$ cat input.csv   # CSV, C-alpha atoms and all ligand atoms
chain,number,residue,atom,x,y,z
A,1,MET,CA,7.4,-26.7,49.4
A,2,LEU,CA,6.5,-24.1,46.8
A,3,ASP,CA,4.2,-26.4,45.0
A,4,ARG,CA,2.0,-26.5,48.1
A,5,LEU,CA,1.2,-22.8,48.1
A,6,ASP,CA,-1.8,-21.4,46.2
A,7,ASN,CA,-1.8,-18.0,44.4
A,8,ALA,CA,-2.5,-16.2,47.7
A,9,GLY,CA,0.5,-17.8,49.3
A,10,ARG,CA,-1.7,-20.1,51.4
A,11,LEU,CA,-0.4,-23.6,52.3
A,12,ASP,CA,-2.3,-26.6,50.9
A,13,ILE,CA,-3.5,-28.0,54.2
A,14,LYS,CA,-4.8,-31.3,52.7
A,15,SER,CA,-1.2,-32.3,51.7
A,16,LEU,CA,0.1,-31.9,55.2
A,17,THR,CA,0.9,-34.9,57.4
A,18,LEU,CA,-0.6,-35.0,60.9
A,19,GLU,CA,2.9,-34.1,62.3
A,20,GLU,CA,3.2,-31.1,60.0
A,21,LEU,CA,-0.3,-30.0,60.9
A,22,GLY,CA,0.7,-30.2,64.6
A,23,GLU,CA,3.7,-27.9,64.0
A,24,GLU,CA,1.4,-25.5,62.1
A,25,MET,CA,-1.0,-25.4,65.0
A,26,GLU,CA,1.8,-24.8,67.5
A,27,ALA,CA,3.0,-21.9,65.3
A,28,LEU,CA,-0.6,-20.5,65.5
A,29,GLY,CA,-0.5,-20.8,69.3
A,30,GLU,CA,-3.1,-23.6,69.3
A,31,ARG,CA,-3.1,-26.8,71.3
A,32,SER,CA,-1.9,-29.9,69.5
A,33,PHE,CA,-5.2,-31.8,69.7
A,34,ARG,CA,-6.6,-29.2,67.2
A,35,ALA,CA,-4.4,-30.8,64.5
A,36,LYS,CA,-6.0,-34.2,65.1
A,37,GLN,CA,-9.5,-32.7,64.9
A,38,ILE,CA,-8.7,-30.8,61.7
A,39,PHE,CA,-7.0,-33.8,60.2
A,40,GLU,CA,-10.1,-36.0,60.9
A,41,TRP,CA,-12.3,-33.4,59.3
A,42,ILE,CA,-10.3,-33.3,56.1
A,43,HIS,CA,-9.2,-36.9,55.7
A,44,GLY,CA,-11.8,-38.9,57.7
A,45,LYS,CA,-14.9,-36.9,56.9
A,46,GLY,CA,-14.0,-35.3,53.6
A,47,ALA,CA,-14.8,-31.8,54.7
A,48,GLU,CA,-14.8,-29.4,51.7
A,49,ASP,CA,-14.4,-26.2,53.6
A,50,PHE,CA,-13.4,-24.9,57.0
A,51,ALA,CA,-16.9,-23.6,57.8
A,52,SER,CA,-18.2,-27.2,58.2
A,53,MET,CA,-15.7,-28.0,61.0
A,54,THR,CA,-18.2,-27.5,63.7
A,55,ASN,CA,-16.1,-28.4,66.7
A,56,ILE,CA,-13.5,-25.7,65.8
A,57,SER,CA,-14.2,-22.1,67.0
A,58,ALA,CA,-15.2,-19.5,64.5
A,59,LYS,CA,-12.1,-17.6,65.3
A,60,LEU,CA,-9.7,-20.4,64.6
A,61,ARG,CA,-11.7,-21.3,61.4
A,62,GLU,CA,-11.0,-17.8,60.2
A,63,LYS,CA,-7.3,-18.0,61.0
A,64,LEU,CA,-7.2,-21.3,59.1
A,65,GLY,CA,-8.8,-19.7,56.1
A,66,GLU,CA,-6.1,-17.0,56.1
A,67,ARG,CA,-3.1,-19.4,56.4
A,68,PHE,CA,-4.3,-22.4,54.4
A,69,SER,CA,-6.2,-23.3,51.3
A,70,LEU,CA,-8.6,-26.3,51.4
A,71,THR,CA,-9.7,-26.9,47.9
A,72,ALA,CA,-12.0,-29.6,46.6
A,73,LEU,CA,-11.7,-30.9,43.1
A,74,GLU,CA,-14.6,-30.0,40.9
A,75,ILE,CA,-16.4,-32.7,39.0
A,76,VAL,CA,-16.8,-31.6,35.4
A,77,GLY,CA,-17.9,-34.9,33.9
A,78,GLU,CA,-19.3,-38.2,34.9
A,79,ARG,CA,-20.0,-41.3,32.8
A,80,ILE,CA,-21.6,-44.4,34.0
A,81,SER,CA,-21.2,-47.7,32.2
A,82,ALA,CA,-24.5,-49.4,31.4
A,83,ILE,CA,-22.7,-52.8,31.3
A,84,ASP,CA,-21.0,-53.0,34.7
A,85,GLY,CA,-21.6,-49.8,36.6
A,86,THR,CA,-18.1,-48.5,36.2
A,87,ARG,CA,-17.9,-44.7,36.5
A,88,LYS,CA,-15.4,-42.3,35.0
A,89,TYR,CA,-15.0,-38.9,36.5
A,90,LEU,CA,-13.4,-35.8,35.0
A,91,PHE,CA,-12.1,-33.3,37.5
A,92,ARG,CA,-11.0,-29.7,37.0
A,93,LEU,CA,-8.0,-28.6,39.0
A,94,GLU,CA,-7.5,-25.0,40.4
A,95,ASP,CA,-5.3,-24.1,37.4
A,96,GLY,CA,-7.7,-25.3,34.8
A,97,ASN,CA,-6.0,-28.6,34.1
A,98,VAL,CA,-8.3,-31.6,33.8
A,99,ILE,CA,-7.7,-35.1,35.1
A,100,GLU,CA,-9.7,-38.4,35.1
A,101,SER,CA,-10.3,-41.1,37.6
A,102,VAL,CA,-12.3,-44.3,37.4
A,103,TRP,CA,-14.5,-46.0,40.0
A,104,MET,CA,-15.0,-49.8,39.7
A,105,LYS,CA,-17.2,-52.1,41.6
A,106,TYR,CA,-15.8,-55.6,42.4
A,107,HIS,CA,-17.1,-58.3,44.7
A,108,HIS,CA,-14.3,-57.5,47.1
A,109,GLY,CA,-15.2,-53.8,47.3
A,110,ASN,CA,-15.0,-50.5,45.4
A,111,SER,CA,-11.8,-49.6,43.7
A,112,VAL,CA,-10.7,-46.2,42.5
A,113,CYS,CA,-8.1,-45.7,39.8
A,114,ILE,CA,-6.4,-42.3,40.2
A,115,SER,CA,-4.1,-40.1,38.1
A,116,SER,CA,-0.8,-39.1,39.5
A,117,GLN,CA,0.1,-36.4,37.0
A,118,ALA,CA,-1.7,-34.2,34.5
A,119,GLY,CA,-0.4,-35.8,31.3
A,120,CYS,CA,2.8,-37.9,31.3
A,121,ARG,CA,6.3,-37.6,29.8
A,122,MET,CA,7.1,-41.3,29.5
A,123,GLY,CA,6.0,-41.6,25.9
A,124,CYS,CA,4.6,-45.2,25.8
A,125,ARG,CA,3.5,-45.7,22.2
A,126,PHE,CA,0.1,-47.2,22.9
A,127,CYS,CA,-1.0,-44.8,25.7
A,128,ALA,CA,-3.2,-41.7,25.2
A,129,SER,CA,-2.1,-40.0,28.4
A,130,THR,CA,1.3,-39.1,27.1
A,131,LEU,CA,0.4,-37.8,23.7
A,132,ASP,CA,0.6,-34.1,24.8
A,133,GLY,CA,3.4,-34.6,27.3
A,134,LEU,CA,3.5,-33.7,30.9
A,135,ALA,CA,1.5,-30.7,32.1
A,136,ARG,CA,2.4,-31.0,35.7
A,137,ASN,CA,2.7,-33.2,38.8
A,138,LEU,CA,-0.3,-33.6,41.0
A,139,ARG,CA,-0.1,-32.6,44.7
A,140,ALA,CA,-0.9,-35.2,47.3
A,141,SER,CA,-4.1,-33.3,48.1
A,142,GLU,CA,-5.2,-33.6,44.4
A,143,MET,CA,-4.7,-37.4,44.5
A,144,LEU,CA,-6.5,-37.7,47.8
A,145,ASP,CA,-9.4,-35.6,46.5
A,146,GLN,CA,-10.0,-37.9,43.6
A,147,VAL,CA,-10.8,-40.6,46.1
A,148,TYR,CA,-12.7,-38.3,48.6
A,149,ARG,CA,-14.9,-36.7,45.9
A,150,ILE,CA,-15.7,-40.0,44.3
A,151,GLN,CA,-16.6,-41.5,47.7
A,152,ALA,CA,-18.9,-38.6,48.3
A,153,ALA,CA,-20.5,-38.8,44.8
A,154,THR,CA,-21.2,-42.5,45.0
A,155,GLY,CA,-22.0,-42.6,48.7
A,156,GLU,CA,-20.1,-45.9,48.9
A,157,ARG,CA,-16.9,-46.6,50.8
A,158,VAL,CA,-13.7,-46.9,48.7
A,159,SER,CA,-11.7,-49.9,49.8
A,160,ASN,CA,-9.0,-50.1,47.1
A,161,VAL,CA,-6.9,-47.5,45.3
A,162,VAL,CA,-4.8,-48.1,42.3
A,163,ILE,CA,-2.4,-45.5,40.9
A,164,MET,CA,-2.9,-46.5,37.3
A,165,GLY,CA,-4.5,-43.5,35.7
A,166,SER,CA,-2.6,-40.8,33.8
A,167,GLY,CA,0.9,-40.2,34.8
A,168,GLU,CA,4.0,-42.1,36.0
A,169,PRO,CA,3.7,-42.1,39.8
A,170,LEU,CA,7.4,-42.7,40.4
A,171,ASP,CA,8.1,-39.6,38.3
A,172,ASN,CA,6.2,-37.7,41.0
A,173,TYR,CA,7.8,-39.6,43.8
A,174,GLU,CA,7.5,-37.3,46.9
A,175,ASN,CA,3.9,-36.4,46.3
A,176,VAL,CA,2.9,-39.9,45.6
A,177,VAL,CA,4.5,-41.3,48.8
A,178,ARG,CA,2.9,-38.5,50.8
A,179,PHE,CA,-0.4,-39.5,49.2
A,180,LEU,CA,0.1,-43.1,50.2
A,181,ARG,CA,0.9,-42.2,53.8
A,182,LEU,CA,-2.1,-40.0,54.1
A,183,ILE,CA,-4.7,-42.4,52.5
A,184,SER,CA,-3.5,-45.2,54.7
A,185,HIS,CA,-3.5,-43.1,57.9
A,186,GLU,CA,-5.7,-44.4,60.7
A,187,LYS,CA,-7.3,-41.0,61.2
A,188,GLY,CA,-8.0,-40.7,57.4
A,189,LEU,CA,-9.6,-43.3,55.1
A,190,HIS,CA,-7.3,-45.9,56.6
A,191,ILE,CA,-7.0,-47.9,53.5
A,192,SER,CA,-4.4,-50.6,54.3
A,193,ALA,CA,-1.2,-50.8,52.3
A,194,ARG,CA,-2.2,-54.2,50.8
A,195,ASN,CA,-5.2,-52.5,49.2
A,196,LEU,CA,-3.1,-49.9,47.5
A,197,THR,CA,-1.4,-50.6,44.2
A,198,LEU,CA,1.1,-48.5,42.3
A,199,SER,CA,1.8,-49.1,38.7
A,200,THR,CA,5.1,-48.1,37.1
A,201,CYS,CA,6.7,-48.3,33.7
A,202,GLY,CA,9.9,-49.3,35.6
A,203,LEU,CA,11.9,-46.4,37.0
A,204,VAL,CA,14.6,-48.5,38.7
A,205,PRO,CA,16.1,-46.1,41.3
A,206,GLN,CA,12.7,-45.1,42.5
A,207,MET,CA,11.6,-48.7,42.8
A,208,HIS,CA,14.5,-49.4,45.1
A,209,ARG,CA,13.7,-46.3,47.1
A,210,LEU,CA,10.0,-47.3,47.4
A,211,ALA,CA,11.1,-50.7,48.8
A,212,GLY,CA,12.6,-48.9,51.7
A,213,GLU,CA,9.6,-46.7,52.6
A,214,GLU,CA,7.9,-49.3,54.9
A,215,LEU,CA,4.8,-49.0,52.8
A,216,PRO,CA,4.1,-52.6,51.8
A,217,ILE,CA,1.8,-51.7,48.8
A,218,THR,CA,1.4,-53.8,45.8
A,219,LEU,CA,3.8,-52.9,43.0
A,220,ALA,CA,2.6,-53.4,39.4
A,221,LEU,CA,5.2,-53.3,36.7
A,222,SER,CA,4.2,-52.4,33.1
A,223,LEU,CA,6.3,-55.0,31.4
A,224,HIS,CA,4.7,-55.4,27.9
A,225,ALA,CA,7.6,-57.2,26.4
A,226,PRO,CA,9.9,-60.2,27.2
A,227,ASP,CA,13.1,-58.6,25.9
A,228,ASP,CA,14.7,-55.1,25.6
A,229,GLU,CA,14.4,-54.9,21.9
A,230,THR,CA,10.7,-55.4,21.8
A,231,ARG,CA,10.2,-53.3,24.9
A,232,ARG,CA,12.1,-50.3,23.3
A,233,LYS,CA,9.6,-50.4,20.4
A,234,LEU,CA,6.7,-49.8,22.9
A,235,MET,CA,8.2,-47.9,25.8
A,236,PRO,CA,11.0,-45.3,25.4
A,237,ILE,CA,11.9,-45.8,29.1
A,238,ALA,CA,13.4,-49.1,28.0
A,239,ASN,CA,16.2,-47.1,26.5
A,240,THR,CA,17.2,-45.9,29.9
A,241,TYR,CA,16.7,-49.1,32.0
A,242,LYS,CA,17.5,-52.6,30.9
A,243,LEU,CA,14.8,-55.3,31.6
A,244,GLU,CA,17.4,-57.2,33.6
A,245,ASP,CA,17.7,-54.3,36.0
A,246,VAL,CA,14.0,-53.6,36.1
A,247,LEU,CA,13.3,-57.3,37.1
A,248,ALA,CA,16.1,-57.2,39.6
A,249,ALA,CA,14.4,-54.2,41.2
A,250,CYS,CA,11.2,-56.2,41.3
A,251,ARG,CA,12.9,-59.0,43.1
A,252,TYR,CA,14.4,-56.6,45.5
A,253,TYR,CA,10.9,-55.1,46.2
A,254,TYR,CA,9.5,-58.5,46.9
A,255,GLU,CA,12.4,-59.3,49.3
A,256,GLN,CA,12.0,-56.1,51.2
A,257,THR,CA,8.2,-56.0,51.4
A,258,GLY,CA,7.1,-59.6,51.0
A,259,ARG,CA,4.5,-58.4,48.5
A,260,ARG,CA,3.8,-60.3,45.4
A,261,LEU,CA,4.2,-58.3,42.2
A,262,THR,CA,1.9,-57.8,39.3
A,263,PHE,CA,3.2,-57.7,35.8
A,264,GLU,CA,1.1,-55.9,33.3
A,265,TYR,CA,1.3,-57.1,29.7
A,266,SER,CA,-0.7,-55.3,27.1
A,267,LEU,CA,-1.0,-57.6,24.0
A,268,VAL,CA,-0.4,-55.8,20.7
A,269,ARG,CA,-1.0,-57.8,17.6
A,270,GLY,CA,2.2,-58.7,15.8
A,271,VAL,CA,4.4,-56.9,18.3
A,272,ASN,CA,4.6,-58.8,21.6
A,273,ASP,CA,2.1,-61.7,21.2
A,274,ALA,CA,4.0,-64.5,19.5
A,275,PRO,CA,4.3,-67.9,21.2
A,276,GLU,CA,8.1,-67.6,21.4
A,277,GLN,CA,7.7,-64.3,23.2
A,278,GLY,CA,5.4,-66.1,25.7
A,279,GLU,CA,8.1,-68.7,26.3
A,280,THR,CA,10.8,-66.1,26.8
A,281,LEU,CA,8.5,-64.2,29.2
A,282,ALA,CA,7.9,-67.3,31.2
A,283,ARG,CA,11.6,-68.0,31.5
A,284,ARG,CA,12.3,-64.4,32.6
A,285,LEU,CA,9.6,-64.4,35.3
A,286,LYS,CA,10.4,-67.7,36.8
A,287,GLY,CA,10.8,-67.5,40.6
A,288,LEU,CA,9.8,-63.8,40.7
A,289,HIS,CA,6.7,-64.3,42.8
A,290,GLY,CA,4.5,-62.4,40.4
A,291,HIS,CA,1.2,-62.6,38.7
A,292,VAL,CA,0.8,-61.6,35.0
A,293,ASN,CA,-2.2,-59.5,33.9
A,294,LEU,CA,-2.8,-59.9,30.2
A,295,ILE,CA,-4.6,-56.9,28.8
A,296,PRO,CA,-5.7,-56.8,25.1
A,297,VAL,CA,-4.3,-53.4,24.1
A,298,ASN,CA,-7.0,-50.7,23.9
A,299,PRO,CA,-6.5,-49.1,20.5
A,300,ILE,CA,-6.1,-45.2,20.4
A,301,LYS,CA,-6.9,-43.3,17.3
A,302,GLU,CA,-3.5,-41.6,17.2
A,303,ARG,CA,-1.6,-44.9,16.7
A,304,ASP,CA,-2.2,-47.9,14.6
A,305,TYR,CA,-1.7,-50.6,17.2
A,306,VAL,CA,-4.3,-53.4,17.0
A,307,GLN,CA,-5.5,-55.9,19.7
A,308,SER,CA,-4.2,-59.4,19.5
A,309,ARG,CA,-6.6,-62.0,18.2
A,310,ARG,CA,-8.6,-63.9,20.9
A,311,ASP,CA,-6.9,-67.2,20.1
A,312,ALA,CA,-3.5,-65.5,20.3
A,313,ILE,CA,-4.4,-64.1,23.7
A,314,GLN,CA,-5.6,-67.5,24.9
A,315,ASN,CA,-2.6,-69.2,23.5
A,316,PHE,CA,-0.2,-66.7,25.2
A,317,LYS,CA,-2.0,-67.4,28.5
A,318,ASN,CA,-1.7,-71.2,28.0
A,319,ILE,CA,2.0,-70.9,27.4
A,320,LEU,CA,2.6,-69.0,30.6
A,321,GLU,CA,0.4,-71.4,32.6
A,322,LYS,CA,2.2,-74.4,31.2
A,323,ASN,CA,5.4,-72.9,32.5
A,324,GLY,CA,4.0,-72.4,36.0
A,325,ILE,CA,3.4,-68.6,35.8
A,326,ASN,CA,0.3,-67.2,37.5
A,327,VAL,CA,-1.8,-65.4,34.8
A,328,THR,CA,-5.2,-63.9,34.2
A,329,ILE,CA,-6.7,-62.1,31.3
A,330,ARG,CA,-7.9,-58.8,32.6
A,331,ARG,CA,-11.7,-58.3,32.4
A,332,GLU,CA,-12.4,-55.1,30.6
A,333,MET,CA,-14.4,-52.7,32.7
A,334,GLY,CA,-16.5,-49.8,31.4
A,335,ARG,CA,-15.8,-50.5,27.7
A,336,ASP,CA,-18.7,-48.3,26.7
A,337,ILE,CA,-17.6,-45.2,28.5
A,338,GLY,CA,-14.4,-43.9,27.2
A,339,GLY,CA,-11.7,-46.4,26.1
A,340,ALA,CA,-8.1,-46.3,27.1
A,341,CYS,CA,-6.3,-44.5,29.8
A,342,GLY,CA,-6.2,-40.7,29.2
A,343,GLN,CA,-8.7,-40.7,26.3
A,344,LEU,CA,-11.5,-39.0,28.1
A,345,ARG,CA,-9.2,-36.3,29.4
A,346,LYS,CA,-7.8,-35.8,25.9
A,347,SER,CA,-11.2,-35.6,24.2
A,348,TYR,CA,-12.3,-33.1,26.8
A,349,MET,CA,-9.2,-30.9,26.4
A,350,GLU,CA,-9.7,-31.0,22.6
A,351,GLY,CA,-13.3,-29.9,23.0
A,352,GLU,CA,-12.2,-26.9,25.2
A,353,ARG,CA,-9.6,-25.7,22.7
A,401,LIG,N1,2.7,-44.9,34.3
A,401,LIG,C1,2.3,-46.0,35.0
A,401,LIG,C2,0.8,-46.0,35.3
A,401,LIG,C3,-0.2,-45.6,34.3
A,401,LIG,S1,-0.7,-46.6,32.9
A,401,LIG,C4,2.6,-47.3,34.2
A,401,LIG,O1,3.2,-47.2,33.2
A,401,LIG,O2,2.4,-48.4,34.7
A,401,LIG,C5,-1.5,-48.0,33.6
A,401,LIG,C6,-1.4,-49.2,32.7
A,401,LIG,O3,-2.2,-49.1,31.5
A,401,LIG,C7,0.0,-49.4,32.3
A,401,LIG,O4,0.3,-50.8,32.4
A,401,LIG,C8,0.0,-49.0,30.8
A,401,LIG,O5,1.1,-49.5,30.1
A,401,LIG,C9,-1.4,-49.5,30.4
A,401,LIG,N2,-1.9,-48.8,29.2
A,401,LIG,C10,-1.8,-47.6,28.8
A,401,LIG,N3,-2.5,-47.4,27.7
A,401,LIG,C11,-3.0,-48.5,27.3
A,401,LIG,C12,-3.7,-49.0,26.2
A,401,LIG,N4,-4.1,-48.2,25.2
A,401,LIG,N5,-4.1,-50.3,26.1
A,401,LIG,C13,-3.7,-51.2,27.1
A,401,LIG,N6,-3.0,-50.8,28.2
A,401,LIG,C14,-2.6,-49.5,28.3
$ encode --input "input.csv" --output "structure tokens"
Amino acid sequence: MLDRLDNAGRLDIKSLTLEELGEEMEALGERSFRAKQIFEWIHGKGAEDFASMTNISAKLREKLGERFSLTALEIVGERISAIDGTRKYLFRLEDGNVIESVWMKYHHGNSVCISSQAGCRMGCRFCASTLDGLARNLRASEMLDQVYRIQAATGERVSNVVIMGSGEPLDNYENVVRFLRLISHEKGLHISARNLTLSTCGLVPQMHRLAGEELPITLALSLHAPDDETRRKLMPIANTYKLEDVLAACRYYYEQTGRRLTFEYSLVRGVNDAPEQGETLARRLKGLHGHVNLIPVNPIKERDYVQSRRDAIQNFKNILEKNGINVTIRREMGRDIGGACGQLRKSYMEGER
């Protein structure tokens, strides 16, 4: 509860569920339909302050301002790709932390990739988001606002959200699940669960827990290796959870939700792109109802990992296909505006220092 209060002790109203807001209205001696009106203002219409809630009396708006905070993230940077129109946004949070989000235009609609934490503590070797460790978890309101502010800035409806920006969403479980319920709420943006994707490095207990939330979102697993030994070289979390258990959790998730999984596999030259590794991968994924996304690793200057050669990538894909595994090579979006996950945030923070 503490993390939903601001410095003045006001409750973060945007993180409250409709039910919680109803209880708050009751405590203020208000009728319960007020909760619905306020919820619609915040989540349906993206209101940035109480003053704009024109069907609420001035007296109640004043009371709301005393009891609650309603903060909107501030856009401190925007970059637009000249190649494909992808946009990257930098947002400053109340406490000065900075996060980044990406807006992508696809034929099926507009997609926003949000951050779930400022920084990250998972330590994946190829990832820029984790270089300075975890600053803090984001609140549900701060995840929602990345979508709301981008929708306002672009003037176009967001139809898909992927939690694939900085941070490990399952390391911020409560706030992320709260976010998912709010963004899919019928009085909010009402984005259906099938248009929501959560990407995890594979926190097994939380994957099981998520399977029981009755939130049939798409689960993406950052796999990146076909065996524990290789995976440990790239992802410290592989020291905690065995691949066998991670894949069992994926199977369980599919059984509980009926949702096909996505396996992300960033190809790093000489580390995880050998033909034998492709064969091993195919064997392990057989019957798992998943789809493999091959991503040529995006090099970051702090590490010396190199992208696989084009022919190695194509060959890796062919091996998976030959073995009956669904696979695509991910199209790179916005390659001219800021490289790998977390790089924009990091260069901004370095500039500030
Ligand atoms: N923590 C979550 C989500 C954030 S990262 C997770 O691990 O899934 C989103 C995806 O981008 C992950 O698959 C991650 O492994 C990948 N990624 C991070 N840095 C990358 C880089 N430099 N090149 C290619 N993929 C990268």
$ residues_around --input "input.csv" --residues "range 256-270 of chain A" --least-positions-apart "2" --cutoff "9 Å" --atoms "only C-alpha atoms" --output "JSON, numbers by chain"
{"A": [126, 194, 199, 211, 212, 214, 215, 216, 217, 218, 219, 220, 221, 222, 223, 224, 225, 250, 251, 252, 253, 254, 272, 273, 274, 288, 289, 290, 291, 292, 293, 294, 295, 296, 297, 298, 305, 306, 307, 308, 309, 312, 313]}
$ closest_residue --input "input.csv" --among "A:Glu20, A:Asp171, A:Asp132, A:Asp245" --to "Ser347 in chain A" --atoms "all atoms listed in the file"
A:Asp132
$ closest_residue --input "input.csv" --among "A:Val327, A:Cys201, A:Leu182, A:Leu11" --to "ligand LIG 401 (chain A)" --atoms "only C-alpha atoms and all ligand atoms"
A:Cys201
$ closest_residue --input "input.csv" --among "A:Met53, A:Leu210, A:Ala35, A:Met235" --to "ligand LIG 401 (chain A)" --atoms "all atoms listed in the file"
A:Met235
$ atom_distance --input "input.csv" --atom1 "CA of Asn160 in chain A" --atom2 "CA of Ser192 in chain A"
8.6 Å
$ closest_residue --input "input.csv" --among "A:Asp311, A:Glu168, A:Asp84, A:Asp227" --to "ligand LIG 401 (chain A)" --atoms "all atoms listed in the file"
A:Glu168
$ residues_around --input "input.csv" --residues "Cys124 in chain A" --least-positions-apart "3" --cutoff "8 Å" --atoms "only C-alpha atoms" --output "list of chain:residue names"
A:Cys127, A:Thr130, A:Leu234, A:Met235, A:Pro236
$ closest_residue --input "input.csv" --among "A:Pro169, A:Gln206, A:Arg335, A:Gly287" --to "Ser81 in chain A" --atoms "only C-alpha atoms"
A:Arg335
$ closest_residue --input "input.csv" --among "A:Glu100, A:Glu94, A:Glu156, A:Glu19" --to "Arg79 in chain A" --atoms "all atoms listed in the file"
A:Glu100
$ residues_around --input "input.csv" --residues "Ile114 in chain A" --least-positions-apart "6" --cutoff "8 Å" --atoms "only C-alpha atoms" --output "ChimeraX atom specification"
/A:100-102,143,146-147,161-166
$ atom_distance --input "input.csv" --atom1 "CA of Gly188 in chain A" --atom2 "CA of Ala47 in chain A"
11.5 Å
$ decode --input "input.csv" --residues "range 75-81 of chain A" --atoms "all heavy atoms" --output "PDB file, in the first residue's frame"
ATOM      1  N   ILE A  75       6.535  13.732 -20.754  1.00  0.00           N
ATOM      2  CA  ILE A  75       7.368  13.315 -21.887  1.00  0.00           C
ATOM      3  C   ILE A  75       8.598  14.217 -21.929  1.00  0.00           C
ATOM      4  O   ILE A  75       8.471  15.428 -22.021  1.00  0.00           O
ATOM      5  CB  ILE A  75       6.598  13.412 -23.224  1.00  0.00           C
ATOM      6  CG1 ILE A  75       5.405  12.439 -23.229  1.00  0.00           C
ATOM      7  CG2 ILE A  75       7.526  13.106 -24.413  1.00  0.00           C
ATOM      8  CD1 ILE A  75       4.591  12.427 -24.516  1.00  0.00           C
ATOM      9  N   VAL A  76       9.794  13.616 -21.835  1.00  0.00           N
ATOM     10  CA  VAL A  76      11.005  14.450 -21.887  1.00  0.00           C
ATOM     11  C   VAL A  76      11.825  14.169 -23.144  1.00  0.00           C
ATOM     12  O   VAL A  76      12.872  14.782 -23.357  1.00  0.00           O
ATOM     13  CB  VAL A  76      11.890  14.282 -20.627  1.00  0.00           C
ATOM     14  CG1 VAL A  76      11.195  14.871 -19.413  1.00  0.00           C
ATOM     15  CG2 VAL A  76      12.253  12.820 -20.382  1.00  0.00           C
ATOM     16  N   GLY A  77      11.345  13.264 -23.957  1.00  0.00           N
ATOM     17  CA  GLY A  77      12.050  13.005 -25.206  1.00  0.00           C
ATOM     18  C   GLY A  77      11.167  12.208 -26.149  1.00  0.00           C
ATOM     19  O   GLY A  77      10.370  11.383 -25.709  1.00  0.00           O
ATOM     20  N   GLU A  78      11.286  12.488 -27.436  1.00  0.00           N
ATOM     21  CA  GLU A  78      10.545  11.721 -28.434  1.00  0.00           C
ATOM     22  C   GLU A  78      11.437  11.591 -29.660  1.00  0.00           C
ATOM     23  O   GLU A  78      12.052  12.568 -30.084  1.00  0.00           O
ATOM     24  CB  GLU A  78       9.247  12.451 -28.811  1.00  0.00           C
ATOM     25  CG  GLU A  78       8.412  11.695 -29.833  1.00  0.00           C
ATOM     26  CD  GLU A  78       7.203  12.500 -30.345  1.00  0.00           C
ATOM     27  OE1 GLU A  78       7.276  13.741 -30.348  1.00  0.00           O
ATOM     28  OE2 GLU A  78       6.217  11.863 -30.745  1.00  0.00           O
ATOM     29  N   ARG A  79      11.540  10.385 -30.186  1.00  0.00           N
ATOM     30  CA  ARG A  79      12.291  10.199 -31.426  1.00  0.00           C
ATOM     31  C   ARG A  79      11.422   9.429 -32.393  1.00  0.00           C
ATOM     32  O   ARG A  79      10.790   8.443 -32.020  1.00  0.00           O
ATOM     33  CB  ARG A  79      13.555   9.379 -31.177  1.00  0.00           C
ATOM     34  CG  ARG A  79      14.628  10.140 -30.460  1.00  0.00           C
ATOM     35  CD  ARG A  79      15.913   9.351 -30.600  1.00  0.00           C
ATOM     36  NE  ARG A  79      16.890   9.792 -29.612  1.00  0.00           N
ATOM     37  CZ  ARG A  79      18.035   9.168 -29.394  1.00  0.00           C
ATOM     38  NH1 ARG A  79      18.335   8.081 -30.073  1.00  0.00           N
ATOM     39  NH2 ARG A  79      18.876   9.620 -28.500  1.00  0.00           N
ATOM     40  N   ILE A  80      11.401   9.873 -33.632  1.00  0.00           N
ATOM     41  CA  ILE A  80      10.572   9.218 -34.641  1.00  0.00           C
ATOM     42  C   ILE A  80      11.469   8.625 -35.721  1.00  0.00           C
ATOM     43  O   ILE A  80      12.333   9.308 -36.256  1.00  0.00           O
ATOM     44  CB  ILE A  80       9.579  10.224 -35.267  1.00  0.00           C
ATOM     45  CG1 ILE A  80       8.750  10.886 -34.153  1.00  0.00           C
ATOM     46  CG2 ILE A  80       8.683   9.531 -36.283  1.00  0.00           C
ATOM     47  CD1 ILE A  80       7.769  11.922 -34.633  1.00  0.00           C
ATOM     48  N   SER A  81      11.259   7.365 -36.011  1.00  0.00           N
ATOM     49  CA  SER A  81      12.076   6.707 -37.029  1.00  0.00           C
ATOM     50  C   SER A  81      11.676   7.176 -38.420  1.00  0.00           C
ATOM     51  O   SER A  81      10.495   7.198 -38.768  1.00  0.00           O
ATOM     52  CB  SER A  81      11.902   5.191 -36.936  1.00  0.00           C
ATOM     53  OG  SER A  81      12.392   4.573 -38.108  1.00  0.00           O
TER      54      SER A  81
END
